[in-house]
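Let me begin by presenting the structure, written as structure tokens, before commenting on it.
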Amino acid sequence: MDVLQVSHNDLSPFLSLCRTHAAALGRIGAAVTTVYLSGAGHGADDPHTVYLSRGPLEGGAWRAATELRRRFAERRFGLVLTHRYKAYTAVLLARRRLSADRVVAMAHEYGFLARRRRRWVRRWFAADVELAGVSHAVADDLCRHDPLRANALVLHNVVDVAAHDSHAMSRADARARLAIGIDELAVGVVGRLNRKKRPDVALRVFADAAGRLPFSLHFLGTGEERASVDALALERGVSGRVVMHGFVPDAAQLMAAFDVLLFAAPREAFGMVLVEALLAGVPVLAADSPGAREVLGPLGQFFPVGDPGSASEELARLLEIPATELARWRGEARERIMQLFSVDALAASYRLLLGRDGTGPGAVF
């Protein structure tokens with residue numbers, strides 16, 4: 001079966017996400033062509049990858065649709081998979097010349113159909129497109145807003161475990177890279193410093209717990225909230241124990257540097273960094289949200305979104321987990337990744353979706 005996968009760009013995390021979807025589909029016998037509407041060309045070394053533009057795509061979705069029709073008009077696909085709304089729109093506009101048995105539109109965040117115009121498009125031009133969310137919470141959001149009241153699929157974001165293991169740094173090497181002492185207690189916050197991720201909440205949790213244990217807080221990421229976080233650290237008297245590393249392109253490989261990952265986003269759709277922490281064997285303290293609970297399950301520790309002060313005691317406890325308990329937790333964490341968030345797990349989902357022989361019933365167009 002031929003599959004066409006379309007993404008709006010190749011920026012993080014979509015390059016790795018598209019690669020894991022292609023790998024999963026490959027394991028059930030599908031041949032996948034991935035199209036990025038625009039991007040920096042990070043995936044250009046793959047012969048099955050196509051870029052419509054290496055810079056901003058002039059003409060937006062209309063131009064993308066024209067290019068899709070031109071490049072793929074002579075091929076028929078068993079499945080077209082789109083990531084985010086722009087790619088979904090381009091495929092809808094191209095559909096008169098783009099032949100496929102099924103189309104699945106992936107939503108990676110809440111609100112995919114929240115706008116009235118998008119619901120109108122869904123009703124009149126995309127009634128035969130199947131919707132999928134990266135988590136049950138996103139799938140539920142799709143169902144709530146879908147004017148057709150159709151069920152939504154769940155296709156989790158996953159990690160290529162073998163590839164991760166081959167590139168992941170040891171604790172000692174990761175700490176050397178981040179200039180963290182080998183015996184120092186260190187808590188990590190990984191992700192953009194924006195309002196959605198709430199780095200200020202992470203800083204407050206750290207500051208409340210700082211008097212209990214001598215540990216440091218490390219931010220891997222940058223964004224518009226950097227200045228306010230710096231100011232808050234100074235106000236709370238902990239600036240000397242807060243390290244801003246800026247954007248780190250290979251942050252997932254450095255996860256083992258931390259004793260705990262602190263995740264303060266209050267309304268996360270999924271949280272790939274949580275998967276990466278579990279795989280690295282790093283305990284997680286997270287703001288309680290459906291997305292975080294879906295990834296972490298019983299292996300996570302949670303604090304109420306509106307009460308970050310209650311998290312300080314739990315953070316201190318996680319930093320003092322006995323070695324035997326930590327070893328047991330790490331084994332369970334890896335097993336959870338293999339069962340739910342690995343390429344093999346995604347391949348199993350595609351087998352159910354498409355059928356064991358890689359074909360699926362029902363023509364979309």
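Letters A, B, ... go to the chains of the structure tokens in the order shown; residues in each chain start at 1; ligands are counted from 1 in the same order.
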In region 71-234 of chain A, DSSP alpha helix (DSSP H) residues written as an NGL selection string: :A and (71-72 or 84-94 or 116-125 or 136-145 or 161-167 or 171-178 or 199-209 or 226-234)
Requested write-out: C-alpha atoms of the selected residues, as a JSON list (two decimals), in the first residue's frame:
```json
[["chain", "number", "residue", "atom", "x", "y", "z"],
["A", 71, "ARG", "CA", 3.43, 15.99, -8.20],
["A", 72, "PHE", "CA", 1.02, 13.19, -7.31],
["A", 84, "ARG", "CA", -2.12, 19.87, 11.66],
["A", 85, "TYR", "CA", -4.70, 22.04, 9.97],
["A", 86, "LYS", "CA", -2.65, 23.63, 7.18],
["A", 87, "ALA", "CA", -1.70, 20.27, 5.69],
["A", 88, "TYR", "CA", -5.30, 19.07, 6.08],
["A", 89, "THR", "CA", -6.53, 22.15, 4.16],
["A", 90, "ALA", "CA", -3.98, 21.64, 1.37],
["A", 91, "VAL", "CA", -5.11, 18.03, 0.91],
["A", 92, "LEU", "CA", -8.77, 19.06, 0.85],
["A", 93, "LEU", "CA", -8.04, 21.62, -1.86],
["A", 94, "ALA", "CA", -6.05, 19.06, -3.86],
["A", 116, "ARG", "CA", -16.85, 28.10, 13.22],
["A", 117, "ARG", "CA", -15.36, 28.25, 9.72],
["A", 118, "ARG", "CA", -13.46, 25.02, 10.28],
["A", 119, "ARG", "CA", -16.66, 23.26, 11.36],
["A", 120, "TRP", "CA", -18.38, 24.55, 8.22],
["A", 121, "VAL", "CA", -15.55, 23.18, 6.05],
["A", 122, "ARG", "CA", -15.78, 19.86, 7.88],
["A", 123, "ARG", "CA", -19.52, 19.56, 7.28],
["A", 124, "TRP", "CA", -19.54, 20.49, 3.60],
["A", 125, "PHE", "CA", -16.15, 19.49, 2.20],
["A", 136, "HIS", "CA", -7.72, 10.60, 24.10],
["A", 137, "ALA", "CA", -8.10, 14.14, 25.42],
["A", 138, "VAL", "CA", -7.55, 15.58, 21.93],
["A", 139, "ALA", "CA", -9.83, 12.95, 20.39],
["A", 140, "ASP", "CA", -12.55, 13.93, 22.87],
["A", 141, "ASP", "CA", -12.05, 17.58, 21.93],
["A", 142, "LEU", "CA", -12.46, 16.68, 18.24],
["A", 143, "CYS", "CA", -15.71, 14.84, 18.99],
["A", 144, "ARG", "CA", -17.10, 17.76, 21.00],
["A", 145, "HIS", "CA", -16.56, 20.20, 18.15],
["A", 161, "VAL", "CA", 13.35, 3.37, 21.07],
["A", 162, "ALA", "CA", 16.30, 1.82, 19.25],
["A", 163, "ALA", "CA", 17.29, 5.14, 17.66],
["A", 164, "HIS", "CA", 16.90, 6.93, 20.98],
["A", 165, "ASP", "CA", 19.04, 4.39, 22.80],
["A", 166, "SER", "CA", 21.79, 4.63, 20.19],
["A", 167, "HIS", "CA", 22.09, 8.41, 20.59],
["A", 171, "ARG", "CA", 24.27, 10.45, 32.91],
["A", 172, "ALA", "CA", 27.93, 11.40, 33.24],
["A", 173, "ASP", "CA", 28.26, 12.63, 29.64],
["A", 174, "ALA", "CA", 24.96, 14.52, 29.75],
["A", 175, "ARG", "CA", 25.98, 16.23, 32.97],
["A", 176, "ALA", "CA", 29.35, 17.14, 31.53],
["A", 177, "ARG", "CA", 27.59, 18.66, 28.50],
["A", 178, "LEU", "CA", 25.35, 20.77, 30.76],
["A", 199, "PRO", "CA", 7.82, 28.13, 33.32],
["A", 200, "ASP", "CA", 6.85, 30.57, 36.07],
["A", 201, "VAL", "CA", 4.96, 27.78, 37.83],
["A", 202, "ALA", "CA", 8.00, 25.51, 37.54],
["A", 203, "LEU", "CA", 10.13, 28.24, 39.09],
["A", 204, "ARG", "CA", 7.69, 28.73, 41.97],
["A", 205, "VAL", "CA", 7.62, 24.99, 42.72],
["A", 206, "PHE", "CA", 11.41, 24.97, 42.76],
["A", 207, "ALA", "CA", 11.63, 28.05, 44.96],
["A", 208, "ASP", "CA", 9.18, 26.59, 47.50],
["A", 209, "ALA", "CA", 11.19, 23.36, 47.67],
["A", 226, "ARG", "CA", 12.60, 34.15, 29.72],
["A", 227, "ALA", "CA", 12.83, 37.67, 31.16],
["A", 228, "SER", "CA", 9.89, 37.18, 33.54],
["A", 229, "VAL", "CA", 11.32, 33.87, 34.80],
["A", 230, "ASP", "CA", 14.69, 35.53, 35.43],
["A", 231, "ALA", "CA", 12.95, 38.32, 37.34],
["A", 232, "LEU", "CA", 10.93, 35.84, 39.40],
["A", 233, "ALA", "CA", 14.06, 33.85, 40.29],
["A", 234, "LEU", "CA", 15.71, 37.04, 41.51]]
```
Long-range neighbours of Leu285 (chain A) as a PDB file with N, CA and C atoms, in the first residue's frame, 6 Å cut-off, only C-alpha atoms, 6 positions minimum in chain:
```pdb
ATOM      1  N   LEU A 262      10.518  18.362  35.806  1.00  0.00           N
ATOM      2  CA  LEU A 262       9.389  19.152  36.299  1.00  0.00           C
ATOM      3  C   LEU A 262       8.618  19.675  35.096  1.00  0.00           C
ATOM      4  N   GLN A 301       3.877  11.614  39.128  1.00  0.00           N
ATOM      5  CA  GLN A 301       3.409  12.314  40.319  1.00  0.00           C
ATOM      6  C   GLN A 301       2.837  13.646  39.856  1.00  0.00           C
ATOM      7  N   PHE A 302       1.674  14.032  40.389  1.00  0.00           N
ATOM      8  CA  PHE A 302       0.952  15.179  39.877  1.00  0.00           C
ATOM      9  C   PHE A 302       0.631  16.176  40.984  1.00  0.00           C
TER      10      PHE A 302
END
```
Spatial neighbours of region 267-279 of chain A, max dist 6 Å, only C-alpha atoms, sep filter under 3 positions, as a ChimeraX atom specification: /A:109,282,289,291,333-334
Would you list the contacts of region 180-190 of chain A as a PDB file with N, CA and C atoms, in the first residue's frame, taking every protein, DNA or RNA residue within 6 Å and counting only C-alpha atoms, but skipping same-chain residues closer than 4 positions in sequence?
```
ATOM      1  N   ARG A 175      25.658  15.233  31.947  1.00  0.00           N
ATOM      2  CA  ARG A 175      25.976  16.233  32.973  1.00  0.00           C
ATOM      3  C   ARG A 175      27.209  17.052  32.599  1.00  0.00           C
ATOM      4  N   PHE A 215      19.491  21.625  45.659  1.00  0.00           N
ATOM      5  CA  PHE A 215      19.438  21.191  44.262  1.00  0.00           C
ATOM      6  C   PHE A 215      19.289  22.401  43.353  1.00  0.00           C
ATOM      7  N   SER A 216      19.555  22.187  42.072  1.00  0.00           N
ATOM      8  CA  SER A 216      19.505  23.265  41.092  1.00  0.00           C
ATOM      9  C   SER A 216      18.399  22.993  40.071  1.00  0.00           C
ATOM     10  N   LEU A 217      17.958  24.058  39.410  1.00  0.00           N
ATOM     11  CA  LEU A 217      16.904  23.972  38.401  1.00  0.00           C
ATOM     12  C   LEU A 217      17.493  24.379  37.060  1.00  0.00           C
ATOM     13  N   HIS A 218      17.253  23.558  36.034  1.00  0.00           N
ATOM     14  CA  HIS A 218      17.850  23.778  34.715  1.00  0.00           C
ATOM     15  C   HIS A 218      16.765  23.878  33.652  1.00  0.00           C
ATOM     16  N   PHE A 219      16.697  25.031  32.971  1.00  0.00           N
ATOM     17  CA  PHE A 219      15.745  25.242  31.887  1.00  0.00           C
ATOM     18  C   PHE A 219      16.444  24.973  30.553  1.00  0.00           C
ATOM     19  N   LEU A 220      15.911  24.026  29.781  1.00  0.00           N
ATOM     20  CA  LEU A 220      16.396  23.764  28.425  1.00  0.00           C
ATOM     21  C   LEU A 220      15.325  24.252  27.464  1.00  0.00           C
ATOM     22  N   PHE A 258      19.185  14.618  34.517  1.00  0.00           N
ATOM     23  CA  PHE A 258      18.325  15.121  35.583  1.00  0.00           C
ATOM     24  C   PHE A 258      17.893  14.025  36.546  1.00  0.00           C
ATOM     25  N   ASP A 259      17.683  14.429  37.783  1.00  0.00           N
ATOM     26  CA  ASP A 259      17.131  13.518  38.791  1.00  0.00           C
ATOM     27  C   ASP A 259      15.611  13.506  38.723  1.00  0.00           C
ATOM     28  N   VAL A 260      15.024  14.626  38.320  1.00  0.00           N
ATOM     29  CA  VAL A 260      13.573  14.749  38.172  1.00  0.00           C
ATOM     30  C   VAL A 260      13.301  15.704  37.018  1.00  0.00           C
ATOM     31  N   LEU A 261      12.256  15.417  36.230  1.00  0.00           N
ATOM     32  CA  LEU A 261      11.748  16.367  35.249  1.00  0.00           C
ATOM     33  C   LEU A 261      10.531  17.042  35.846  1.00  0.00           C
ATOM     34  N   LEU A 262      10.518  18.362  35.806  1.00  0.00           N
ATOM     35  CA  LEU A 262       9.389  19.152  36.299  1.00  0.00           C
ATOM     36  C   LEU A 262       8.618  19.675  35.096  1.00  0.00           C
TER      37      LEU A 262
END
```
DSSP-assigned strand (DSSP E) among region 182-250 of chain A, expressed as a PyMOL selection string: chain A and resi 185-190+215-220+242-246
Residues from the last selection, N, CA and C atoms, saved as a PDB file, in the first residue's frame:
```
ATOM      1  N   LEU A 185      22.264  17.344  42.871  1.00  0.00           N
ATOM      2  CA  LEU A 185      20.854  17.093  42.596  1.00  0.00           C
ATOM      3  C   LEU A 185      20.365  18.137  41.599  1.00  0.00           C
ATOM      4  N   ALA A 186      19.777  17.680  40.490  1.00  0.00           N
ATOM      5  CA  ALA A 186      19.382  18.598  39.427  1.00  0.00           C
ATOM      6  C   ALA A 186      17.986  18.262  38.922  1.00  0.00           C
ATOM      7  N   VAL A 187      17.164  19.300  38.779  1.00  0.00           N
ATOM      8  CA  VAL A 187      15.811  19.180  38.238  1.00  0.00           C
ATOM      9  C   VAL A 187      15.780  19.877  36.885  1.00  0.00           C
ATOM     10  N   GLY A 188      15.169  19.232  35.892  1.00  0.00           N
ATOM     11  CA  GLY A 188      15.112  19.800  34.558  1.00  0.00           C
ATOM     12  C   GLY A 188      13.725  20.273  34.176  1.00  0.00           C
ATOM     13  N   VAL A 189      13.676  21.344  33.400  1.00  0.00           N
ATOM     14  CA  VAL A 189      12.449  21.824  32.749  1.00  0.00           C
ATOM     15  C   VAL A 189      12.781  21.937  31.272  1.00  0.00           C
ATOM     16  N   VAL A 190      12.132  21.123  30.432  1.00  0.00           N
ATOM     17  CA  VAL A 190      12.482  21.044  29.018  1.00  0.00           C
ATOM     18  C   VAL A 190      11.301  21.500  28.173  1.00  0.00           C
ATOM     19  N   PHE A 215      19.491  21.625  45.659  1.00  0.00           N
ATOM     20  CA  PHE A 215      19.438  21.191  44.262  1.00  0.00           C
ATOM     21  C   PHE A 215      19.289  22.401  43.353  1.00  0.00           C
ATOM     22  N   SER A 216      19.555  22.187  42.072  1.00  0.00           N
ATOM     23  CA  SER A 216      19.505  23.265  41.092  1.00  0.00           C
ATOM     24  C   SER A 216      18.399  22.993  40.071  1.00  0.00           C
ATOM     25  N   LEU A 217      17.958  24.058  39.410  1.00  0.00           N
ATOM     26  CA  LEU A 217      16.904  23.972  38.401  1.00  0.00           C
ATOM     27  C   LEU A 217      17.493  24.379  37.060  1.00  0.00           C
ATOM     28  N   HIS A 218      17.253  23.558  36.034  1.00  0.00           N
ATOM     29  CA  HIS A 218      17.850  23.778  34.715  1.00  0.00           C
ATOM     30  C   HIS A 218      16.765  23.878  33.652  1.00  0.00           C
ATOM     31  N   PHE A 219      16.697  25.031  32.971  1.00  0.00           N
ATOM     32  CA  PHE A 219      15.745  25.242  31.887  1.00  0.00           C
ATOM     33  C   PHE A 219      16.444  24.973  30.553  1.00  0.00           C
ATOM     34  N   LEU A 220      15.911  24.026  29.781  1.00  0.00           N
ATOM     35  CA  LEU A 220      16.396  23.764  28.425  1.00  0.00           C
ATOM     36  C   LEU A 220      15.325  24.252  27.464  1.00  0.00           C
ATOM     37  N   VAL A 242      19.442  28.672  39.557  1.00  0.00           N
ATOM     38  CA  VAL A 242      18.662  28.476  38.334  1.00  0.00           C
ATOM     39  C   VAL A 242      19.576  28.701  37.130  1.00  0.00           C
ATOM     40  N   VAL A 243      19.646  27.727  36.240  1.00  0.00           N
ATOM     41  CA  VAL A 243      20.528  27.804  35.074  1.00  0.00           C
ATOM     42  C   VAL A 243      19.681  27.804  33.803  1.00  0.00           C
ATOM     43  N   MET A 244      19.886  28.806  32.961  1.00  0.00           N
ATOM     44  CA  MET A 244      19.209  28.901  31.670  1.00  0.00           C
ATOM     45  C   MET A 244      20.154  28.422  30.573  1.00  0.00           C
ATOM     46  N   HIS A 245      19.880  27.265  29.992  1.00  0.00           N
ATOM     47  CA  HIS A 245      20.753  26.701  28.969  1.00  0.00           C
ATOM     48  C   HIS A 245      20.368  27.149  27.564  1.00  0.00           C
ATOM     49  N   GLY A 246      19.211  27.813  27.419  1.00  0.00           N
ATOM     50  CA  GLY A 246      18.762  28.200  26.093  1.00  0.00           C
ATOM     51  C   GLY A 246      18.283  27.004  25.297  1.00  0.00           C
TER      52      GLY A 246
END
```
Closest of A:Val159, A:Leu319, A:Leu326, A:Leu254 to Ala23 (chain A) - atom-to-atom distances counting only C-alpha atoms: A:Val159
